[in-house]
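Notes for the one structure printed next.
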Amino acid sequence: MVGHIALTSHPVVIVSGQGQENGAVPGSDESPRGWWFSDTQARSFDARQQCQASLGLEESVEAVRVAVRSMGPFDGVLGFSQGAALVAMLCSLQEHNQEPHLQFRFAILVAGFRSACTEHQQFYDAHAPLVIPSLHVFGLEDQVIPDRLSRELLPMFQEPRVLTHPGGHFVPATSAHRQTYKEFLERF
């Protein structure tokens with residue numbers, strides 16, 4: 001899902017952990033969604049699944065491209081879970097001038113990770129870290145995206161700011177966490 005929220009002078013693009021339809025959830029009326037599928041046969045996703053090729057990433061980048069063109073400009077981009085993994089890829093595309101419509105001034109990645117898909121490694125092979133200011137938020141008890149996976153994303157960014165919390169797979173919002181968000185965003 002691509003949405004937007006005004007936190008700075010321009011809105012921020014929100015890239016949640018939900019993109020394209022991804023099969024049915026047992027016991028639920030909703031279909032899970034994803035930005036790409038790591039298992040192209042089952043049309044499913046697992047952050048820990050190694051794969052050679054994925055399905056849906058180009059369509060997901062196009063969805064963000066369309067949102068930026070039709071609703072932008074945006075000061076920054078925020079992603080959660082697989083959406084945060086997509087945000088890291090978008091930042092790479094932006095800094096390597098491969099997406100001229102992307103002009104984010106900052107990125108917030110909540111429960112982010114590096115894709116384990118071989119075809120996505122191009123986003124992580126830069127000779128220098130990405131200079132876009134970034135805030136990385138993750139839970140120390142996250143069972144969906146373990147903190148070790150979120151930490152593996154940090155070297156991709158120059159001077160990443162890190163906010164950890166003792167919980168699981170969610171966006172923390174206590175007053176202390178909100179203060180960290182505020183301090184990060186005040187720069188923009």
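Ordering of the structure tokens sets the chain letters (A, B, ...), residue numbers begin anew at 1 in every chain, and ligands are numbered from 1 in the order given.
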
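Omitting Glu152 in chain A and its sequence neighbours fewer than 2 positions away, and counting only C-alpha atoms, the residues within 12 Å are Ala85, Ala88, Ala111, Gly112, Phe113, Arg114, Ser115, Ala116, Tyr124, His136, Phe138, Ile145, Pro146, Asp147, Arg148, Leu149, Ser150, Leu154, Pro155, Met156, Phe157 and Pro160 of chain A.
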
Legend entry - Long-range neighbours of Arg65 in chain A as a list of chain:residue names, 9 Å cut-off, only C-alpha atoms, 5 positions minimum in chain: A:Ser60, A:Ser70, A:Glu99, A:His101, A:Leu102

Inset, instruction - Taking the DSSP assignment computed from this structure's backbone, write out as a PyMOL selection string all residues of range 38-122 of chain A that belong to strand (DSSP E or B). - result: chain A and resi 39+44+51+55+76-80+106-110+117

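One distance worth recording is that between CA of Glu183 in chain A and CA of Leu140 in chain A, which is 21.9 Å.
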
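Remark: for Arg48 in chain A, the closest of the candidate residues A:Ser175, A:Gln143, A:Asn97, A:Ala63 is A:Gln143 (distances computed over only C-alpha atoms).
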
Inset, instruction - Would you work out the distance separating CA of Leu90 in chain A from CA of Arg161 in chain A, expressed in Å to one decimal? - result: 18.2 Å
